[in-house]
$ cat run_25.tsv   # TSV, C-alpha atoms
chain	number	residue	atom	x	y	z
Y	281	MET	CA	61.97	-32.95	-104.05
Y	282	PRO	CA	64.62	-32.00	-101.50
Y	283	ILE	CA	63.69	-32.67	-97.89
Y	284	PHE	CA	64.19	-29.03	-96.89
Y	285	LEU	CA	61.72	-27.90	-99.59
Y	286	ILE	CA	59.09	-30.43	-98.45
Y	287	SER	CA	59.48	-29.14	-94.89
Y	288	ALA	CA	59.07	-25.53	-96.01
Y	289	VAL	CA	55.90	-26.34	-97.96
Y	290	LEU	CA	54.38	-28.24	-95.05
Y	291	GLY	CA	55.29	-25.43	-92.64
Y	292	ALA	CA	53.57	-22.84	-94.81
Y	293	ALA	CA	50.38	-24.85	-95.25
Y	294	PRO	CA	47.43	-23.52	-93.18
Y	295	VAL	CA	46.33	-25.63	-90.23
Y	296	ALA	CA	42.56	-26.06	-89.87
Y	297	ALA	CA	41.22	-24.61	-86.62
Y	298	ALA	CA	39.81	-27.20	-84.24
Y	299	SER	CA	36.04	-27.07	-83.89
Y	300	LEU	CA	34.47	-26.57	-80.48
Y	301	PRO	CA	33.32	-29.89	-78.96
Y	302	PRO	CA	29.52	-30.01	-78.42
Y	303	ALA	CA	29.97	-30.72	-74.70
Y	304	VAL	CA	32.08	-27.56	-74.22
Y	305	ALA	CA	29.61	-25.48	-76.22
Y	306	ALA	CA	26.81	-26.81	-74.00
Y	307	MET	CA	28.76	-25.79	-70.87
Y	308	ILE	CA	29.18	-22.25	-72.20
Y	309	ASP	CA	25.47	-22.04	-73.07
Y	310	ALA	CA	24.49	-23.31	-69.59
Y	311	ALA	CA	26.57	-20.58	-67.91
Y	312	ALA	CA	25.24	-17.77	-70.13
Y	313	ALA	CA	22.67	-16.53	-67.59
Y	314	LYS	CA	25.36	-15.69	-64.99
Y	315	PRO	CA	28.18	-13.41	-66.26
Y	316	ASP	CA	30.70	-14.45	-63.60
Y	317	GLN	CA	30.17	-18.15	-64.35
Y	318	LEU	CA	30.29	-17.50	-68.09
Y	319	ARG	CA	33.66	-15.77	-67.74
Y	320	ILE	CA	35.14	-18.64	-65.71
Y	321	VAL	CA	33.77	-21.36	-68.01
Y	322	ALA	CA	35.04	-19.48	-71.09
Y	323	GLU	CA	38.54	-19.17	-69.60
Y	324	ILE	CA	38.66	-22.91	-68.92
Y	325	ALA	CA	37.33	-23.65	-72.41
Y	326	ARG	CA	40.07	-21.53	-74.03
Y	327	LYS	CA	42.79	-23.32	-72.06
Y	328	THR	CA	41.48	-26.81	-72.85
Y	329	ASN	CA	40.58	-26.03	-76.48
Y	330	PRO	CA	43.21	-23.56	-77.73
Y	331	GLY	CA	42.39	-24.28	-81.36
Y	332	ALA	CA	38.78	-23.15	-80.88
Y	333	THR	CA	39.49	-19.80	-79.20
Y	334	ALA	CA	37.83	-17.76	-81.96
Y	335	GLU	CA	34.68	-19.86	-81.77
Y	336	ILE	CA	34.59	-19.60	-77.97
Y	337	ASP	CA	35.00	-15.80	-78.12
Y	338	ALA	CA	32.22	-15.55	-80.70
Y	339	ARG	CA	29.89	-17.68	-78.59
Y	340	VAL	CA	30.59	-15.65	-75.43
Y	341	ALA	CA	30.06	-12.37	-77.34
Y	342	MET	CA	26.74	-13.69	-78.64
Y	343	HIS	CA	25.55	-14.48	-75.11
Y	344	ASN	CA	26.74	-11.10	-73.80
Y	345	ARG	CA	24.81	-9.29	-76.54
Y	346	ALA	CA	21.69	-11.31	-75.76
Y	347	GLN	CA	22.00	-10.55	-72.03
Y	348	ALA	CA	22.50	-6.83	-72.71
Y	349	ALA	CA	19.45	-6.72	-75.01
Y	350	SER	CA	17.33	-8.59	-72.46
Y	351	HIS	CA	18.44	-6.25	-69.66
Y	352	GLU	CA	17.71	-3.18	-71.80
Y	353	LEU	CA	14.23	-4.48	-72.63
Y	354	LYS	CA	13.53	-5.19	-68.96
Y	355	LEU	CA	14.54	-1.65	-67.93
Y	356	ALA	CA	12.46	-0.11	-70.72
Y	357	THR	CA	9.26	-1.98	-69.84
Y	358	GLN	CA	9.28	-2.18	-66.03
Y	359	GLY	CA	6.58	-0.35	-64.08
Y	360	VAL	CA	6.99	2.23	-61.32
Y	361	LEU	CA	6.85	-0.38	-58.56
Y	362	GLU	CA	8.98	-2.94	-60.40
Y	363	GLY	CA	12.74	-3.36	-60.29
Y	364	TRP	CA	13.30	-2.33	-56.65
Y	365	SER	CA	15.84	-4.24	-54.57
Y	366	GLY	CA	17.58	-3.60	-51.30
Y	367	SER	CA	18.09	-4.71	-47.73
Y	368	GLY	CA	16.76	-4.23	-44.22
Y	369	GLU	CA	18.82	-4.47	-41.07
Y	370	VAL	CA	18.19	-4.68	-37.34
Y	371	GLY	CA	20.55	-4.94	-34.41
Y	372	GLY	CA	22.20	-2.91	-31.68
Y	373	PHE	CA	24.43	0.16	-31.39
Y	374	ALA	CA	26.89	1.79	-29.02
Y	375	ALA	CA	27.15	5.59	-29.17
Y	376	SER	CA	29.68	8.08	-27.83
Y	377	GLY	CA	29.95	11.87	-27.92
Y	378	ASN	CA	26.85	13.81	-26.89
Y	379	THR	CA	25.38	10.48	-25.65
Y	380	ASP	CA	27.12	7.45	-24.18
Y	381	ASN	CA	24.73	4.51	-24.38
Y	382	ARG	CA	23.51	1.41	-26.19
Y	383	GLY	CA	20.24	0.66	-27.91
Y	384	VAL	CA	18.36	-0.61	-30.94
Y	385	ALA	CA	19.33	0.17	-34.54
Y	386	ILE	CA	17.02	-0.30	-37.54
Y	387	GLY	CA	17.88	0.52	-41.16
Y	388	VAL	CA	16.62	0.05	-44.71
Y	389	ASN	CA	18.19	0.64	-48.13
Y	390	VAL	CA	16.35	0.25	-51.45
Y	391	ALA	CA	17.35	1.11	-55.01
Y	392	LYS	CA	16.03	0.93	-58.54
Y	393	VAL	CA	17.96	1.23	-61.82
Y	394	THR	CA	16.27	2.38	-65.03
Y	395	ARG	CA	17.78	3.09	-68.46
Y	396	GLU	CA	19.00	6.57	-67.41
Y	397	TRP	CA	18.36	6.81	-63.66
Y	398	LYS	CA	19.38	5.14	-60.43
Y	399	HIS	CA	17.06	5.89	-57.51
Y	400	SER	CA	18.23	5.16	-53.95
Y	401	LEU	CA	16.35	5.47	-50.66
Y	402	ARG	CA	17.92	5.07	-47.22
Y	403	GLY	CA	16.54	5.20	-43.70
Y	404	GLN	CA	18.18	4.74	-40.29
Y	405	VAL	CA	16.81	4.82	-36.73
Y	406	ASP	CA	18.81	4.63	-33.48
Y	407	TYR	CA	16.60	4.65	-30.38
Y	408	GLN	CA	16.90	3.97	-26.67
Y	409	GLU	CA	14.88	4.56	-23.52
Y	410	ASP	CA	16.28	4.28	-20.01
Y	411	GLN	CA	13.55	3.83	-17.36
Y	412	GLY	CA	11.03	5.50	-19.66
Y	413	VAL	CA	13.29	8.44	-20.49
Y	414	LYS	CA	14.70	8.85	-23.99
Y	415	SER	CA	18.48	8.73	-23.96
Y	416	ARG	CA	19.08	8.33	-27.72
Y	417	GLU	CA	16.85	9.35	-30.62
Y	418	ARG	CA	18.30	9.76	-34.08
Y	419	TYR	CA	16.36	9.52	-37.34
Y	420	PHE	CA	17.62	9.81	-40.90
Y	421	ALA	CA	15.84	9.49	-44.25
Y	422	GLY	CA	17.39	10.27	-47.62
Y	423	TYR	CA	16.84	10.03	-51.36
Y	424	GLU	CA	19.44	10.21	-54.13
Y	425	GLY	CA	18.73	10.22	-57.85
Y	426	ASN	CA	21.59	9.71	-60.30
Y	427	TYR	CA	21.14	10.49	-64.01
Y	428	SER	CA	23.66	8.76	-66.25
Y	429	ILE	CA	25.61	11.07	-68.58
Y	430	THR	CA	28.32	8.58	-69.57
Y	431	PRO	CA	29.18	5.14	-68.13
Y	432	ASP	CA	31.33	6.92	-65.51
Y	433	ALA	CA	29.79	10.42	-65.14
Y	434	TYR	CA	26.38	11.29	-63.73
Y	435	ALA	CA	24.27	14.20	-62.50
Y	436	LEU	CA	22.70	13.86	-59.08
Y	437	GLN	CA	20.04	15.29	-56.84
Y	438	THR	CA	19.68	14.50	-53.13
Y	439	ILE	CA	17.12	15.16	-50.41
Y	440	ALA	CA	17.85	14.34	-46.77
Y	441	TYR	CA	16.05	14.66	-43.43
Y	442	GLU	CA	17.63	14.30	-39.98
Y	443	ARG	CA	16.46	14.58	-36.40
Y	444	ASP	CA	18.84	14.31	-33.44
Y	445	VAL	CA	17.82	16.35	-30.40
Y	446	PHE	CA	20.82	15.08	-28.42
Y	447	SER	CA	23.10	16.67	-31.02
Y	448	GLY	CA	21.21	19.95	-30.87
Y	449	PHE	CA	18.73	20.00	-33.76
Y	450	SER	CA	15.05	19.09	-33.90
Y	451	ARG	CA	15.09	18.72	-37.67
Y	452	ARG	CA	17.34	19.38	-40.61
Y	453	PHE	CA	16.52	19.27	-44.31
Y	454	ALA	CA	19.12	19.34	-47.08
Y	455	GLN	CA	18.60	19.49	-50.85
Y	456	SER	CA	21.46	19.42	-53.32
Y	457	LEU	CA	22.31	19.27	-57.02
Y	458	GLY	CA	25.67	18.23	-58.41
Y	459	LEU	CA	27.82	15.94	-60.50
Y	460	GLY	CA	29.52	12.63	-59.79
Y	461	TYR	CA	32.29	10.66	-61.44
Y	462	LYS	CA	33.26	6.99	-61.00
Y	463	LEU	CA	37.03	6.90	-60.59
Y	464	ILE	CA	36.89	3.09	-60.38
Y	465	ASN	CA	34.06	1.15	-61.99
Y	466	ARG	CA	34.73	-2.58	-61.92
Y	467	SER	CA	32.59	-5.57	-61.03
Y	468	ASN	CA	34.36	-6.12	-57.69
Y	469	ILE	CA	35.38	-2.57	-56.74
Y	470	SER	CA	33.93	0.90	-57.28
Y	471	LEU	CA	34.78	4.41	-56.12
Y	472	ALA	CA	32.88	7.61	-56.98
Y	473	LEU	CA	33.39	11.26	-56.04
Y	474	GLU	CA	30.58	13.85	-55.98
Y	475	GLY	CA	30.39	17.62	-55.73
Y	476	GLY	CA	27.71	20.28	-55.91
Y	477	ALA	CA	25.67	22.96	-54.14
Y	478	ALA	CA	23.13	22.48	-51.37
Y	479	LEU	CA	20.48	24.32	-49.37
Y	480	ARG	CA	20.06	23.36	-45.70
Y	481	GLN	CA	17.27	24.30	-43.31
Y	482	THR	CA	17.94	23.54	-39.63
Y	483	LEU	CA	15.70	24.01	-36.61
Y	484	TYR	CA	17.87	23.83	-33.50
Y	485	THR	CA	16.53	22.67	-30.14
Y	486	SER	CA	17.04	26.24	-28.90
Y	487	GLY	CA	14.33	27.37	-31.33
Y	488	ILE	CA	16.75	29.10	-33.74
Y	489	ASN	CA	16.13	28.57	-37.46
Y	490	SER	CA	19.03	28.51	-39.91
Y	491	ASN	CA	18.69	28.53	-43.71
Y	492	VAL	CA	22.03	28.49	-45.53
Y	493	PHE	CA	23.59	27.60	-48.86
Y	494	ALA	CA	26.49	25.16	-48.67
Y	495	ALA	CA	28.95	23.24	-50.81
Y	496	ARG	CA	28.41	19.48	-50.78
Y	497	GLY	CA	30.99	16.75	-51.40
Y	498	GLY	CA	30.52	13.01	-51.37
Y	499	LEU	CA	32.45	9.76	-51.63
Y	500	ASN	CA	30.95	6.31	-52.26
Y	501	GLY	CA	33.08	3.18	-52.39
Y	502	LYS	CA	32.51	-0.57	-52.33
Y	503	TRP	CA	34.96	-3.46	-52.45
Y	504	LEU	CA	33.80	-7.03	-52.92
Y	505	ILE	CA	36.73	-8.70	-51.17
Y	506	ASN	CA	35.43	-12.17	-51.97
Y	507	LYS	CA	32.09	-13.88	-52.54
Y	508	THR	CA	31.04	-13.48	-48.91
Y	509	LEU	CA	32.80	-10.33	-47.63
Y	510	THR	CA	32.19	-6.70	-48.67
Y	511	LEU	CA	33.71	-3.43	-47.45
Y	512	SER	CA	31.83	-0.19	-48.09
Y	513	GLN	CA	32.55	3.47	-47.36
Y	514	ASN	CA	30.14	6.39	-47.72
Y	515	ALA	CA	30.94	9.97	-46.73
Y	516	THR	CA	29.25	13.34	-47.14
Y	517	VAL	CA	30.50	16.84	-46.29
Y	518	TYR	CA	28.44	20.05	-46.14
Y	519	ASP	CA	30.43	23.27	-45.79
Y	520	ASP	CA	28.79	26.68	-45.34
Y	521	SER	CA	29.98	30.04	-44.06
Y	522	SER	CA	29.63	29.11	-40.38
Y	523	ASN	CA	29.68	25.32	-40.06
Y	524	MET	CA	31.01	22.13	-41.62
Y	525	SER	CA	29.04	18.90	-41.20
Y	526	VAL	CA	30.74	15.57	-41.87
Y	527	PHE	CA	29.07	12.17	-42.16
Y	528	SER	CA	31.06	8.96	-42.59
Y	529	LEU	CA	29.81	5.37	-42.57
Y	530	THR	CA	32.23	2.43	-42.85
Y	531	ALA	CA	30.74	-1.07	-42.96
Y	532	VAL	CA	31.95	-4.65	-43.30
Y	533	THR	CA	29.25	-7.08	-44.42
Y	534	ALA	CA	29.68	-10.88	-44.31
Y	535	LYS	CA	27.18	-13.15	-46.04
Y	536	VAL	CA	25.76	-15.86	-43.77
Y	537	THR	CA	23.23	-17.46	-46.11
Y	538	GLY	CA	21.86	-16.56	-49.53
Y	539	ALA	CA	19.80	-13.59	-48.27
Y	540	MET	CA	21.10	-13.10	-44.73
Y	541	SER	CA	24.29	-11.25	-43.77
Y	542	ALA	CA	25.98	-9.92	-40.64
Y	543	ARG	CA	27.25	-6.35	-40.64
Y	544	MET	CA	29.57	-4.32	-38.44
Y	545	SER	CA	29.60	-0.57	-39.07
Y	546	PHE	CA	31.11	2.58	-37.67
Y	547	GLN	CA	29.43	5.96	-38.19
Y	548	LEU	CA	30.90	9.38	-37.48
Y	549	ASN	CA	28.95	12.64	-37.39
Y	550	SER	CA	30.83	15.87	-36.87
Y	551	GLU	CA	29.78	19.53	-36.58
Y	552	SER	CA	32.58	22.08	-36.62
Y	553	ASN	CA	30.40	24.66	-34.85
Y	554	PRO	CA	27.86	22.80	-32.67
Y	555	PRO	CA	25.36	24.52	-30.35
Y	556	PRO	CA	26.90	25.69	-27.04
Y	557	GLY	CA	27.60	22.89	-24.58
Y	558	LEU	CA	27.59	20.09	-27.14
Y	559	GLU	CA	30.41	17.90	-28.43
Y	560	ARG	CA	31.70	18.33	-31.98
Y	561	VAL	CA	31.87	14.60	-32.76
Y	562	ASP	CA	29.36	11.76	-32.32
Y	563	THR	CA	30.22	8.16	-33.15
Y	564	THR	CA	27.95	5.14	-33.46
Y	565	SER	CA	29.08	1.52	-33.73
Y	566	ARG	CA	26.47	-1.00	-34.90
Y	567	VAL	CA	26.23	-4.77	-35.16
Y	568	THR	CA	23.24	-5.82	-37.25
Y	569	LEU	CA	21.69	-8.65	-39.19
Y	570	VAL	CA	20.89	-7.75	-42.80
Y	571	TYR	CA	18.24	-9.34	-45.01
Y	572	SER	CA	18.54	-8.70	-48.75
Y	573	PHE	CA	15.54	-8.71	-51.08
$ encode --input "run_25.tsv" --output "structure tokens"
Amino acid sequence: MPIFLISAVLGAAPVAAASLPPAVAAMIDAAAAKPDQLRIVAEIARKTNPGATAEIDARVAMHNRAQAASHELKLATQGVLEGWSGSGEVGGFAASGNTDNRGVAIGVNVAKVTREWKHSLRGQVDYQEDQGVKSRERYFAGYEGNYSITPDAYALQTIAYERDVFSGFSRRFAQSLGLGYKLINRSNISLALEGGAALRQTLYTSGINSNVFAARGGLNGKWLINKTLTLSQNATVYDDSSNMSVFSLTAVTAKVTGAMSARMSFQLNSESNPPPGLERVDTTSRVTLVYSF
């Protein structure tokens, strides 16, 4: 048989795919419980065992399906008090605007994810006394419930309470309904926009009551820069016929240990039409220690 014909026959013959070595399979199985580790181990396995790529992909897909089924079962069976996680923080603040002082800052954030809902609760206290006289007193408590429509779209409802006598109001309630959409939804970066209608009830320190309907807009973003550093941005705008309220919170969080982090944040509160004699903008800078649970 001519040499060129032998070469053609050999070139057309199928080459058996290399089987996955047991040690590599064991490494993939050991990393299955942690998605980030599984992805890294699988990438290395594909590079070092190119002939077993199909088997590696099948094994990774099997583990991903098992993790998804386990997560779905956990969400479906958890009780009312189960599944909550969050963080608490304590530290100091420096304020400017209607007050110019420093004091103690305390905050808490908790959240729970179910099959259709994500529930979030947030509280923040800034307080200071100077020779027994209050010079800073700001309280905030809020709830947000997000109902998943698609992986990127959701309906939302929010309830918020504020008290800040140095900014001119004894209490303020706000309730809103709306829609949100995740413009970016990745494991290391996310960005969502929200819009809807709100009702706000404000009791000013002057004794005047105000009950108004308003448009509400929101922005929520988070960027996991690396394994220890996170940048987050949250903003809310209420706009009614006589006033626009803006809230913005920018924070950089650096992990110190497994559960402990250090955080620097900058908060801006703005009222386009504040009570007479008061500033339009208040800012608060905080340095806190954060414990995650």
$ residues_around --input "run_25.tsv" --residues "Arg382 in chain Y" --least-positions-apart "5" --cutoff "9 Å" --atoms "all atoms listed in the file" --output "JSON, numbers by chain"
{"Y": [372, 373, 374, 375, 407, 408, 416]}
$ residues_around --input "run_25.tsv" --residues "Gly403 in chain Y" --least-positions-apart "3" --cutoff "6 Å" --atoms "all atoms listed in the file" --output "PyMOL selection string"
chain Y and resi 387-388+420-421
$ closest_residue --input "run_25.tsv" --among "Y:Trp397, Y:Trp503, Y:Tyr484, Y:Phe446" --to "Ser415 in chain Y" --atoms "all atoms listed in the file"
Y:Phe446
$ closest_residue --input "run_25.tsv" --among "Y:Val340, Y:Leu401, Y:Ala385, Y:Ala494" --to "Arg543 in chain Y" --atoms "all atoms listed in the file"
Y:Ala385
$ residues_around --input "run_25.tsv" --residues "Thr379 in chain Y" --least-positions-apart "6" --cutoff "12 Å" --atoms "only C-alpha atoms" --output "MDAnalysis selection string"
chainID Y and resid 373 406:408 414:418 444:448 558:564
$ residues_around --input "run_25.tsv" --residues "Leu459 in chain Y" --least-positions-apart "5" --cutoff "6 Å" --atoms "all atoms listed in the file" --output "list in words"
Tyr434, Ala435, Leu436, Glu474 and Gly475 of chain Y
$ closest_residue --input "run_25.tsv" --among "Y:Thr510, Y:Gln455, Y:Ser522, Y:Asn500" --to "Leu479 in chain Y" --atoms "only C-alpha atoms"
Y:Gln455
$ atom_distance --input "run_25.tsv" --atom1 "CA of Tyr571 in chain Y" --atom2 "CA of Gln317 in chain Y"
24.4 Å
$ atom_distance --input "run_25.tsv" --atom1 "CA of Tyr419 in chain Y" --atom2 "CA of Lys502 in chain Y"
24.2 Å
$ closest_residue --input "run_25.tsv" --among "Y:Leu499, Y:Ile469, Y:Val570, Y:Ala478" --to "Glu369 in chain Y" --atoms "all atoms listed in the file"
Y:Val570
$ residues_around --input "run_25.tsv" --residues "Leu529 in chain Y" --least-positions-apart "4" --cutoff "8 Å" --atoms "only C-alpha atoms" --output "PyMOL selection string"
chain Y and resi 513-515+545-548
$ closest_residue --input "run_25.tsv" --among "Y:Asn549, Y:Ser456, Y:Thr533, Y:Thr482" --to "Leu509 in chain Y" --atoms "all atoms listed in the file"
Y:Thr533
$ atom_distance --input "run_25.tsv" --atom1 "CA of Ala325 in chain Y" --atom2 "CA of Gln347 in chain Y"
20.2 Å
$ closest_residue --input "run_25.tsv" --among "Y:Met540, Y:Leu300, Y:Ala477, Y:Ile488" --to "Asp519 in chain Y" --atoms "only C-alpha atoms"
Y:Ala477
$ decode --input "run_25.tsv" --residues "range 511-522 of chain Y" --atoms "all heavy atoms" --output "PDB file, in the first residue's frame"
ATOM      1  N   LEU Y 511     -16.573  47.183  47.326  1.00  0.00           N
ATOM      2  CA  LEU Y 511     -17.110  48.535  47.176  1.00  0.00           C
ATOM      3  C   LEU Y 511     -18.608  48.431  46.946  1.00  0.00           C
ATOM      4  O   LEU Y 511     -19.062  47.674  46.086  1.00  0.00           O
ATOM      5  CB  LEU Y 511     -16.447  49.244  45.995  1.00  0.00           C
ATOM      6  CG  LEU Y 511     -17.026  50.605  45.585  1.00  0.00           C
ATOM      7  CD1 LEU Y 511     -16.794  51.634  46.681  1.00  0.00           C
ATOM      8  CD2 LEU Y 511     -16.417  51.078  44.266  1.00  0.00           C
ATOM      9  N   SER Y 512     -19.387  49.193  47.711  1.00  0.00           N
ATOM     10  CA  SER Y 512     -20.842  49.168  47.552  1.00  0.00           C
ATOM     11  C   SER Y 512     -21.379  50.589  47.437  1.00  0.00           C
ATOM     12  O   SER Y 512     -20.813  51.537  47.986  1.00  0.00           O
ATOM     13  CB  SER Y 512     -21.518  48.452  48.724  1.00  0.00           C
ATOM     14  OG  SER Y 512     -21.248  49.114  49.949  1.00  0.00           O
ATOM     15  N   GLN Y 513     -22.485  50.714  46.717  1.00  0.00           N
ATOM     16  CA  GLN Y 513     -23.149  52.003  46.528  1.00  0.00           C
ATOM     17  C   GLN Y 513     -24.658  51.800  46.566  1.00  0.00           C
ATOM     18  O   GLN Y 513     -25.201  50.991  45.817  1.00  0.00           O
ATOM     19  CB  GLN Y 513     -22.756  52.629  45.196  1.00  0.00           C
ATOM     20  CG  GLN Y 513     -23.524  53.901  44.846  1.00  0.00           C
ATOM     21  CD  GLN Y 513     -23.231  55.036  45.803  1.00  0.00           C
ATOM     22  OE1 GLN Y 513     -22.086  55.397  46.023  1.00  0.00           O
ATOM     23  NE2 GLN Y 513     -24.280  55.604  46.397  1.00  0.00           N
ATOM     24  N   ASN Y 514     -25.326  52.521  47.462  1.00  0.00           N
ATOM     25  CA  ASN Y 514     -26.780  52.486  47.561  1.00  0.00           C
ATOM     26  C   ASN Y 514     -27.301  53.913  47.544  1.00  0.00           C
ATOM     27  O   ASN Y 514     -26.761  54.788  48.227  1.00  0.00           O
ATOM     28  CB  ASN Y 514     -27.232  51.795  48.851  1.00  0.00           C
ATOM     29  CG  ASN Y 514     -26.698  50.382  48.967  1.00  0.00           C
ATOM     30  OD1 ASN Y 514     -25.709  50.144  49.639  1.00  0.00           O
ATOM     31  ND2 ASN Y 514     -27.345  49.439  48.311  1.00  0.00           N
ATOM     32  N   ALA Y 515     -28.330  54.155  46.745  1.00  0.00           N
ATOM     33  CA  ALA Y 515     -28.896  55.502  46.646  1.00  0.00           C
ATOM     34  C   ALA Y 515     -30.408  55.413  46.486  1.00  0.00           C
ATOM     35  O   ALA Y 515     -30.916  54.480  45.839  1.00  0.00           O
ATOM     36  CB  ALA Y 515     -28.283  56.259  45.471  1.00  0.00           C
ATOM     37  N   THR Y 516     -31.105  56.373  47.073  1.00  0.00           N
ATOM     38  CA  THR Y 516     -32.561  56.453  46.968  1.00  0.00           C
ATOM     39  C   THR Y 516     -32.966  57.912  46.767  1.00  0.00           C
ATOM     40  O   THR Y 516     -32.405  58.808  47.410  1.00  0.00           O
ATOM     41  CB  THR Y 516     -33.252  55.914  48.232  1.00  0.00           C
ATOM     42  OG1 THR Y 516     -32.788  54.593  48.511  1.00  0.00           O
ATOM     43  CG2 THR Y 516     -34.764  55.874  48.044  1.00  0.00           C
ATOM     44  N   VAL Y 517     -33.931  58.141  45.891  1.00  0.00           N
ATOM     45  CA  VAL Y 517     -34.445  59.484  45.628  1.00  0.00           C
ATOM     46  C   VAL Y 517     -35.959  59.462  45.746  1.00  0.00           C
ATOM     47  O   VAL Y 517     -36.625  58.585  45.178  1.00  0.00           O
ATOM     48  CB  VAL Y 517     -34.053  59.968  44.216  1.00  0.00           C
ATOM     49  CG1 VAL Y 517     -34.648  61.348  43.945  1.00  0.00           C
ATOM     50  CG2 VAL Y 517     -32.542  59.999  44.054  1.00  0.00           C
ATOM     51  N   TYR Y 518     -36.508  60.399  46.529  1.00  0.00           N
ATOM     52  CA  TYR Y 518     -37.953  60.633  46.597  1.00  0.00           C
ATOM     53  C   TYR Y 518     -38.221  62.028  46.037  1.00  0.00           C
ATOM     54  O   TYR Y 518     -37.604  63.005  46.474  1.00  0.00           O
ATOM     55  CB  TYR Y 518     -38.464  60.572  48.036  1.00  0.00           C
ATOM     56  CG  TYR Y 518     -38.434  59.199  48.663  1.00  0.00           C
ATOM     57  CD1 TYR Y 518     -37.351  58.797  49.445  1.00  0.00           C
ATOM     58  CD2 TYR Y 518     -39.495  58.317  48.505  1.00  0.00           C
ATOM     59  CE1 TYR Y 518     -37.324  57.543  50.035  1.00  0.00           C
ATOM     60  CE2 TYR Y 518     -39.482  57.060  49.092  1.00  0.00           C
ATOM     61  CZ  TYR Y 518     -38.395  56.685  49.856  1.00  0.00           C
ATOM     62  OH  TYR Y 518     -38.376  55.439  50.433  1.00  0.00           O
ATOM     63  N   ASP Y 519     -39.136  62.111  45.091  1.00  0.00           N
ATOM     64  CA  ASP Y 519     -39.425  63.398  44.455  1.00  0.00           C
ATOM     65  C   ASP Y 519     -40.929  63.626  44.471  1.00  0.00           C
ATOM     66  O   ASP Y 519     -41.696  62.863  43.876  1.00  0.00           O
ATOM     67  CB  ASP Y 519     -38.904  63.393  43.016  1.00  0.00           C
ATOM     68  CG  ASP Y 519     -38.995  64.768  42.362  1.00  0.00           C
ATOM     69  OD1 ASP Y 519     -39.247  65.747  43.089  1.00  0.00           O
ATOM     70  OD2 ASP Y 519     -38.814  64.849  41.133  1.00  0.00           O
ATOM     71  N   ASP Y 520     -41.370  64.684  45.194  1.00  0.00           N
ATOM     72  CA  ASP Y 520     -42.787  65.035  45.206  1.00  0.00           C
ATOM     73  C   ASP Y 520     -42.954  66.450  44.669  1.00  0.00           C
ATOM     74  O   ASP Y 520     -42.006  67.051  44.153  1.00  0.00           O
ATOM     75  CB  ASP Y 520     -43.392  64.881  46.613  1.00  0.00           C
ATOM     76  CG  ASP Y 520     -42.704  65.763  47.651  1.00  0.00           C
ATOM     77  OD1 ASP Y 520     -42.597  66.978  47.413  1.00  0.00           O
ATOM     78  OD2 ASP Y 520     -42.296  65.240  48.707  1.00  0.00           O
ATOM     79  N   SER Y 521     -44.130  66.996  44.798  1.00  0.00           N
ATOM     80  CA  SER Y 521     -44.433  68.290  44.187  1.00  0.00           C
ATOM     81  C   SER Y 521     -43.686  69.450  44.825  1.00  0.00           C
ATOM     82  O   SER Y 521     -43.541  70.512  44.206  1.00  0.00           O
ATOM     83  CB  SER Y 521     -45.944  68.559  44.253  1.00  0.00           C
ATOM     84  OG  SER Y 521     -46.389  68.522  45.605  1.00  0.00           O
ATOM     85  N   SER Y 522     -43.183  69.279  46.055  1.00  0.00           N
ATOM     86  CA  SER Y 522     -42.548  70.404  46.739  1.00  0.00           C
ATOM     87  C   SER Y 522     -41.137  70.124  47.231  1.00  0.00           C
ATOM     88  O   SER Y 522     -40.457  71.047  47.679  1.00  0.00           O
ATOM     89  CB  SER Y 522     -43.405  70.829  47.944  1.00  0.00           C
ATOM     90  OG  SER Y 522     -43.542  69.757  48.868  1.00  0.00           O
TER      91      SER Y 522
END
